[in-house]
Every structure is written in structure tokens, then in C-alpha cells.
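Below is coords_0.cif, holding mmCIF, C-alpha atoms and all ligand atoms.
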```cif
data_model
loop_
_atom_site.label_atom_id
_atom_site.label_comp_id
_atom_site.auth_asym_id
_atom_site.auth_seq_id
_atom_site.Cartn_x
_atom_site.Cartn_y
_atom_site.Cartn_z
CA MET D 1 50.11 132.21 -104.81
CA MET D 2 48.00 130.74 -107.58
CA ASN D 3 48.95 127.32 -108.80
CA SER D 4 47.79 126.33 -112.26
CA SER D 5 47.82 122.60 -111.55
CA HIS D 6 45.42 120.71 -109.36
CA PRO D 7 46.46 120.58 -105.73
CA THR D 8 47.62 117.24 -104.49
CA ARG D 9 45.18 115.75 -102.01
CA GLU D 10 46.76 115.35 -98.61
CA ALA D 11 47.85 111.89 -97.61
CA GLY D 12 44.84 110.13 -96.17
CA ALA D 13 42.46 112.65 -97.73
CA GLU D 14 39.28 110.82 -98.49
CA GLY D 15 35.75 111.51 -99.49
CA LEU D 16 33.68 114.40 -100.70
CA PHE D 17 30.67 115.31 -98.55
CA LEU D 18 28.00 117.41 -100.26
CA PHE D 19 25.73 119.01 -97.68
CA ASP D 20 22.20 120.25 -97.87
CA ILE D 21 21.63 123.37 -95.73
CA ASP D 22 18.05 123.74 -94.46
CA GLY D 23 17.07 121.00 -92.04
CA THR D 24 20.56 119.53 -92.22
CA LEU D 25 22.98 122.22 -91.03
CA LEU D 26 20.36 124.73 -89.86
CA ARG D 27 16.81 124.41 -88.61
CA GLY D 28 14.10 126.60 -87.16
CA ALA D 29 15.58 129.85 -88.45
CA PRO D 30 13.29 132.88 -88.84
CA PRO D 31 11.33 132.88 -92.14
CA THR D 32 13.67 135.40 -93.77
CA HIS D 33 14.28 133.12 -96.74
CA ARG D 34 10.60 132.52 -97.50
CA GLU D 35 9.90 136.23 -97.09
CA ALA D 36 12.69 137.06 -99.53
CA LEU D 37 11.23 134.69 -102.15
CA CYS D 38 7.83 136.33 -101.74
CA ALA D 39 9.23 139.86 -101.91
CA ALA D 40 11.04 138.92 -105.12
CA ALA D 41 7.88 137.35 -106.57
CA ARG D 42 5.96 140.54 -105.87
CA ALA D 43 8.69 142.78 -107.30
CA VAL D 44 9.45 140.76 -110.44
CA TYR D 45 6.14 139.09 -111.28
CA GLY D 46 3.64 141.25 -109.43
CA ALA D 47 2.42 138.06 -107.75
CA PRO D 48 0.94 138.52 -104.28
CA LEU D 49 2.67 135.58 -102.62
CA THR D 50 2.95 135.18 -98.89
CA PRO D 51 5.23 132.81 -96.93
CA GLU D 52 2.19 130.72 -95.95
CA ARG D 53 1.14 130.31 -99.58
CA LEU D 54 4.50 128.78 -100.49
CA GLY D 55 3.37 125.62 -98.71
CA GLY D 56 5.72 122.78 -97.77
CA THR D 57 9.10 123.36 -99.37
CA ALA D 58 11.43 120.81 -97.74
CA GLY D 59 13.76 119.25 -100.30
CA MET D 60 12.66 121.60 -103.10
CA THR D 61 14.92 123.97 -104.98
CA ASP D 62 14.12 127.67 -104.75
CA SER D 63 13.43 127.59 -108.50
CA ALA D 64 10.88 124.82 -108.09
CA ILE D 65 9.29 126.57 -105.10
CA ALA D 66 8.94 129.72 -107.18
CA ARG D 67 7.49 127.93 -110.20
CA ARG D 68 4.90 126.05 -108.16
CA ALA D 69 3.79 129.17 -106.31
CA LEU D 70 3.69 131.35 -109.42
CA ARG D 71 1.73 128.73 -111.36
CA GLY D 72 -0.69 128.74 -108.45
CA ALA D 73 -0.97 132.50 -108.87
CA GLY D 74 -2.01 131.94 -112.49
CA MET D 75 1.23 132.69 -114.31
CA SER D 76 2.31 130.88 -117.46
CA ASP D 77 5.47 128.78 -117.47
CA ASP D 78 7.00 130.99 -120.15
CA ALA D 79 6.44 134.12 -118.08
CA ILE D 80 7.88 132.38 -115.01
CA THR D 81 10.97 131.24 -116.90
CA ASP D 82 11.54 134.69 -118.40
CA GLY D 83 11.52 136.29 -114.97
CA LEU D 84 13.70 133.80 -113.11
CA PRO D 85 17.08 135.56 -113.56
CA SER D 86 15.62 138.79 -112.14
CA PHE D 87 13.80 136.81 -109.47
CA PHE D 88 17.05 135.22 -108.24
CA VAL D 89 18.75 138.60 -107.95
CA ALA D 90 15.77 140.22 -106.22
CA ALA D 91 15.45 137.33 -103.76
CA ALA D 92 19.15 137.40 -102.95
CA GLU D 93 19.08 141.15 -102.38
CA ALA D 94 16.01 140.88 -100.16
CA TYR D 95 17.61 138.07 -98.17
CA GLU D 96 20.95 139.84 -97.77
CA ARG D 97 19.12 142.94 -96.52
CA SER D 98 17.14 141.07 -93.89
CA VAL D 99 19.15 138.02 -92.80
CA PRO D 100 19.85 138.12 -89.06
CA ASP D 101 23.48 138.89 -88.22
CA ASP D 102 23.87 135.68 -86.29
CA LEU D 103 22.12 132.42 -87.15
CA GLY D 104 24.38 130.43 -84.84
CA ALA D 105 21.48 129.59 -82.54
CA TYR D 106 19.84 127.65 -85.39
CA LEU D 107 22.63 125.20 -86.12
CA THR D 108 21.54 121.59 -85.91
CA PRO D 109 23.25 119.54 -83.18
CA HIS D 110 26.94 119.06 -83.84
CA ALA D 111 26.72 120.69 -87.32
CA ALA D 112 29.93 122.72 -87.06
CA ASP D 113 31.73 119.93 -85.21
CA ALA D 114 30.74 117.36 -87.82
CA LEU D 115 32.12 119.54 -90.62
CA ASP D 116 35.34 120.05 -88.68
CA TRP D 117 35.57 116.35 -87.92
CA LEU D 118 35.23 115.47 -91.62
CA ALA D 119 37.76 118.09 -92.67
CA GLY D 120 40.10 116.85 -89.97
CA HIS D 121 39.92 113.42 -91.55
CA GLY D 122 40.91 114.84 -94.91
CA ALA D 123 37.46 114.92 -96.45
CA ALA D 124 36.48 117.65 -98.89
CA LEU D 125 33.30 119.58 -98.09
CA GLY D 126 30.77 120.95 -100.55
CA LEU D 127 27.12 121.93 -100.92
CA VAL D 128 24.15 120.52 -102.77
CA THR D 129 21.34 122.82 -101.75
CA GLY D 130 18.06 124.10 -103.10
CA ASN D 131 19.01 127.59 -101.94
CA ILE D 132 19.77 130.31 -104.47
CA GLN D 133 23.55 130.55 -104.34
CA ARG D 134 23.79 134.06 -102.87
CA ILE D 135 21.22 133.15 -100.24
CA ALA D 136 23.15 130.00 -99.37
CA TRP D 137 26.37 131.91 -98.78
CA ALA D 138 24.66 134.70 -96.81
CA LYS D 139 22.92 132.09 -94.66
CA LEU D 140 26.09 130.08 -94.04
CA SER D 141 28.03 133.25 -93.28
CA ALA D 142 25.48 134.28 -90.66
CA ALA D 143 25.67 130.77 -89.23
CA GLY D 144 29.46 130.90 -89.04
CA LEU D 145 29.86 127.98 -91.47
CA ALA D 146 30.78 129.59 -94.80
CA ALA D 147 34.54 129.46 -94.30
CA ARG D 148 34.35 125.71 -93.79
CA PHE D 149 33.24 125.36 -97.42
CA ARG D 150 36.14 127.29 -98.89
CA VAL D 151 38.64 124.90 -100.41
CA ALA D 152 42.11 125.95 -99.28
CA GLY D 153 44.67 126.02 -102.05
CA ALA D 154 42.14 125.43 -104.81
CA PRO D 155 43.31 126.64 -108.22
CA GLY D 156 41.41 129.12 -110.31
CA PRO D 157 38.43 131.28 -109.47
CA LEU D 158 36.32 128.60 -107.81
CA PRO D 159 37.27 128.20 -104.15
CA TRP D 160 34.22 126.09 -103.33
CA ILE D 161 32.43 122.93 -104.42
CA GLY D 162 28.69 122.95 -104.80
CA ALA D 163 25.49 123.31 -106.75
CA PHE D 164 22.55 125.56 -105.95
CA GLY D 165 18.83 126.00 -106.43
CA ASP D 166 19.16 128.76 -109.01
CA GLU D 167 21.06 126.37 -111.29
CA ALA D 168 18.30 123.79 -111.75
CA GLU D 169 14.72 123.25 -110.69
CA ASP D 170 15.15 119.51 -110.37
CA ARG D 171 17.31 118.64 -107.39
CA ASP D 172 18.51 115.52 -109.21
CA ALA D 173 20.40 117.81 -111.62
CA LEU D 174 22.50 119.34 -108.83
CA PRO D 175 24.91 116.54 -107.78
CA PRO D 176 26.39 116.21 -111.30
CA LEU D 177 27.10 119.96 -111.29
CA ALA D 178 28.74 119.71 -107.89
CA LEU D 179 30.85 116.74 -109.01
CA GLU D 180 31.94 118.58 -112.14
CA ARG D 181 33.10 121.49 -109.97
CA ALA D 182 34.77 119.12 -107.53
CA ALA D 183 36.78 117.67 -110.40
CA ARG D 184 37.93 121.17 -111.35
CA VAL D 185 38.78 122.11 -107.78
CA LEU D 186 40.20 118.86 -106.44
CA GLY D 187 41.26 117.03 -109.58
CA PRO D 188 39.76 114.06 -111.38
CA GLY D 189 38.71 111.03 -109.39
CA CYS D 190 37.49 113.04 -106.43
CA ASP D 191 33.99 111.58 -106.77
CA ALA D 192 35.17 108.06 -106.01
CA GLU D 193 33.80 108.43 -102.50
CA ALA D 194 31.21 111.17 -102.76
CA TRP D 195 28.31 111.47 -100.35
CA ILE D 196 25.13 113.51 -100.18
CA VAL D 197 24.09 114.60 -96.68
CA GLY D 198 20.50 115.79 -96.36
CA ASP D 199 17.24 115.71 -94.43
CA THR D 200 14.58 114.78 -97.00
CA ALA D 201 13.56 112.05 -99.42
CA ALA D 202 14.53 114.47 -102.21
CA ASP D 203 18.11 114.60 -100.91
CA ILE D 204 18.26 110.82 -100.86
CA ALA D 205 16.78 110.59 -104.36
CA CYS D 206 19.20 113.12 -105.84
CA GLY D 207 22.16 111.23 -104.44
CA GLN D 208 20.83 107.91 -105.69
CA ALA D 209 20.16 109.40 -109.13
CA SER D 210 23.88 110.15 -109.43
CA GLY D 211 25.03 106.89 -107.89
CA LEU D 212 26.28 108.61 -104.74
CA ARG D 213 26.06 107.33 -101.23
CA VAL D 214 23.72 109.20 -98.92
CA ILE D 215 23.62 110.08 -95.24
CA ALA D 216 20.07 111.03 -94.26
CA VAL D 217 19.76 113.16 -91.13
CA ALA D 218 16.44 113.39 -89.28
CA THR D 219 16.84 117.01 -88.17
CA GLY D 220 14.51 118.50 -90.76
CA PRO D 221 10.87 119.50 -90.36
CA SER D 222 9.35 116.98 -92.75
CA HIS D 223 10.84 113.50 -92.30
CA THR D 224 11.31 111.24 -89.29
CA LEU D 225 14.19 108.80 -89.11
CA THR D 226 11.80 105.97 -89.98
CA GLU D 227 10.48 107.84 -93.01
CA LEU D 228 14.00 108.55 -94.21
CA ARG D 229 14.99 104.90 -93.81
CA ALA D 230 12.11 103.92 -96.11
CA HIS D 231 13.97 105.66 -98.96
CA ALA D 232 17.03 103.45 -98.47
CA PRO D 233 19.83 105.92 -97.82
CA THR D 234 23.24 104.40 -97.16
CA HIS D 235 22.96 105.59 -93.57
CA ALA D 236 20.22 107.31 -91.61
CA ILE D 237 21.01 109.12 -88.36
CA THR D 238 19.11 111.13 -85.77
CA ASP D 239 21.44 114.11 -86.03
CA LEU D 240 25.00 114.94 -87.03
CA THR D 241 26.28 113.95 -83.59
CA GLU D 242 26.15 110.38 -84.94
CA LEU D 243 28.14 111.07 -88.10
CA PRO D 244 31.62 110.30 -86.69
CA GLY D 245 30.36 106.85 -85.68
CA LEU D 246 29.42 105.85 -89.24
CA PRO D 247 31.55 103.52 -91.37
CA LEU D 248 32.34 106.19 -93.95
CA TRP D 249 35.57 104.98 -95.40
CA GLY D 250 36.73 101.76 -96.92
CA ALA D 251 33.22 100.29 -97.00
CA ALA D 252 32.22 101.09 -100.58
MG MG N 301 16.92 120.29 -96.44
#
```
So that I can check it, write out the structure of this file as C-alpha cells.
Amino acid sequence: MMNSSHPTREAGAEGLFLFDIDGTLLRGAPPTHREALCAAARAVYGAPLTPERLGGTAGMTDSAIARRALRGAGMSDDAITDGLPSFFVAAAEAYERSVPDDLGAYLTPHAADALDWLAGHGAALGLVTGNIQRIAWAKLSAAGLAARFRVAGAPGPLPWIGAFGDEAEDRDALPPLALERAARVLGPGCDAEAWIVGDTAADIACGQASGLRVIAVATGPSHTLTELRAHAPTHAITDLTELPGLPLWGAA
């Protein structure tokens, strides 16, 4: 039954945790995502990109990855911008066609358990990811995690909280979008204890830019724990196994 008012948070419900995907919940997956971006670049822009030519992409949005690579292929910013809506659709279709059925082997340590532990403590879960939205959901579905990001009992047509890499090129623009959606889904005031959880300096920076607390997780390909600590996240941990040991509540 649809309810037109905001759902009441459960007693003891605390915190909103906005997760990055690549390097944070999943790592080492086959290069399906990079291949899909390249296939879309070829189809939409006629640009002969290859996964190797995309370079290092950790912490970048798919939009920013595309713009950098297409500029490198000699395209003008106007032409890139004009093609982006078609590019997002083509990349999503390519990814959905080729994503492995089961990405469960690529979960980072304790990823599913950490999400369940947070939800069990009344926390709301959401996404702040550089992935194109359709790619994010296809990836999380294959990893067996998508259902954990559906908000039970949420009113209206938005049963999830998040912001995605086809909504902005600058990662710093994503947390405000996710918070705006969280307010619609959970009710006002839900950002009082919001966290970003991610594996790169860009995740830390985007949380800090919105005044959010940040848990940096050293499971990604580009940053060690020491490197993450240099960017002053609220907490830095080796992997999500350590998340339940953090002082997450009542320590604002
Ligand atoms: Mg990441």
C-alpha cells in the first residue's frame, strides 16, 4: 500500500550511509564496465577508445572518464556534451548485455555483512557512485547487493537513495543530490548523521565538500590506508570487516 506521508523512522534508526561501489563494495571484477564505456564511445562518437586508453579511473565519474578520453581522442567539449545522453544509454545497454551473471566472487571482504549490520542497526543505505545509474544497478544485482539498497516502505516512485555518475561529472556534486533524495524518501533531517563510504581521495573530498563524515576503505586499486589517511577522512579502515568496530553513532 502506498503511503503519501513520509515513513516514520524506526526507533533507534540512525544514520545514512552512502556507498561508493567500485573498490568499496566490489573489486577486481572483469573489465566489463570499461569495455561498455568504450563500446558506447565507438557507437556514439566514432571514437576508437580501448579499455587501456581510459587510463586510471578510480574515484572518477563515468561522465568525467568519458570526457577525458574523448578529449584525448580530439573531440570538442560541445560535441562530447551533445552526445552524453546517447552515450549513457549505449553504455548501459552494452553493460547489461555483457555483465557476468554472478559477481559475488568480487565482493570486498565483509561487504554484504557490513550492509546488513548497518541496516540491522537502523541505518539507511544509499549510493554515491561514479557509475552510470543503470550500470550501477546491473552491477549490484549481479553482486547480490541491489535489494539491500531498496528502501522498504518508502513513499512515491523512488525506492532508493543515491546519486550516480551520469548525473554530474564532478563527484562533489553527487552527495547533495543523494541527500535531496534521502529527504524525499526518509523525511527531512535524515542527513543529520550522513556518511560517505569510499575507497579514494575523491570519495573523501566529495564527502568533505558537503560537510559529511567519511569512512575511507583501503580495498580499492589506487590508495593505501596511509594514503587515504593523508586526506583526513573521519575514519580509515583496511576493509569493511572493521566497520562494525567504528564509533559511528553519538560521536558527531
Ligand atoms: Mg571507488
Please find the residues contacting ligand MG 301 (chain N) at a distance of at most 7 Å between atoms, with only C-alpha atoms and all ligand atoms counted, and report them as a PDB file with C-alpha atoms, in the coordinates of the input.
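Final output, saved to result-v2.pdb:
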```pdb
ATOM      1  CA  ASP D  20      22.200 120.250 -97.870  1.00  0.00           C
ATOM      2  CA  ILE D  21      21.630 123.370 -95.730  1.00  0.00           C
ATOM      3  CA  ASP D  22      18.050 123.740 -94.460  1.00  0.00           C
ATOM      4  CA  GLY D  23      17.070 121.000 -92.040  1.00  0.00           C
ATOM      5  CA  THR D  24      20.560 119.530 -92.220  1.00  0.00           C
ATOM      6  CA  ALA D  58      11.430 120.810 -97.740  1.00  0.00           C
ATOM      7  CA  GLY D  59      13.760 119.250-100.300  1.00  0.00           C
ATOM      8  CA  GLY D 198      20.500 115.790 -96.360  1.00  0.00           C
ATOM      9  CA  ASP D 199      17.240 115.710 -94.430  1.00  0.00           C
ATOM     10  CA  THR D 200      14.580 114.780 -97.000  1.00  0.00           C
ATOM     11  CA  GLY D 220      14.510 118.500 -90.760  1.00  0.00           C
TER      12      GLY D 220
END
```
Could you name the residues that touch Ile132 (chain D) at 9 Å or less, counting only C-alpha atoms, but leaving out those on the same chain fewer than 2 positions away, as a compact mmCIF listing (two decimals) with C-alpha atoms, keeping the file's coordinate frame?
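Final output, saved to part.txt:
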```txt
# COMPACT_ATOMS: atom_id res chain seq x y z
CA THR D 61 14.92 123.97 -104.98
CA ASP D 62 14.12 127.67 -104.75
CA SER D 63 13.43 127.59 -108.50
CA PHE D 88 17.05 135.22 -108.24
CA ALA D 91 15.45 137.33 -103.76
CA ALA D 92 19.15 137.40 -102.95
CA THR D 129 21.34 122.82 -101.75
CA GLY D 130 18.06 124.10 -103.10
CA ARG D 134 23.79 134.06 -102.87
CA ILE D 135 21.22 133.15 -100.24
CA ALA D 136 23.15 130.00 -99.37
CA TRP D 137 26.37 131.91 -98.78
CA PHE D 164 22.55 125.56 -105.95
CA GLY D 165 18.83 126.00 -106.43
CA ASP D 166 19.16 128.76 -109.01
CA GLU D 167 21.06 126.37 -111.29
```
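For the set D:Leu37, D:Leu103, D:Pro109, D:Asp172, the residue with the smallest atom-to-atom gap to Leu84 (chain D) is D:Leu37, counting all atoms listed in the file.
Residues surrounding Asp77 (chain D) within 9 Å are Arg67, Leu70 and Arg71 of chain D [all atoms listed in the file; sequence separation below 6 positions excluded].
Coordinates place CA of Ala163 (chain D) at a distance of 7.9 Å from CA of Gln133 (chain D).
Coordinates place CA of Glu93 (chain D) at a distance of 15.8 Å from CA of Tyr45 (chain D).
Going from CA of Leu118 (chain D) over to CA of Glu193 (chain D), you cover 13.0 Å.
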With only C-alpha atoms counted, which protein, DNA or RNA residues have an atom no more than 10 Å from (30.6, 119.3, -89.6) in the file frame? Please answer as a ChimeraX atom specification. /D:17,19,25,109-120,125,145,148,240-241,243-244
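For the choices D:Ala73, D:Ala183, D:Ala47, D:Ile204, the atom-to-atom distance to Leu228 (chain D) is smallest for D:Ile204 when using all atoms listed in the file.
Remark: for Leu179 (chain D), the closest of the candidate residues D:Val128, D:Pro247, D:Ala209, D:Thr224 is D:Val128 (distances computed over all atoms listed in the file).
Considering the residues D:Leu186, D:Val99, D:Leu177, D:Val89 and counting only C-alpha atoms, Glu35 (chain D) has its shortest atom-to-atom contact with D:Val99.
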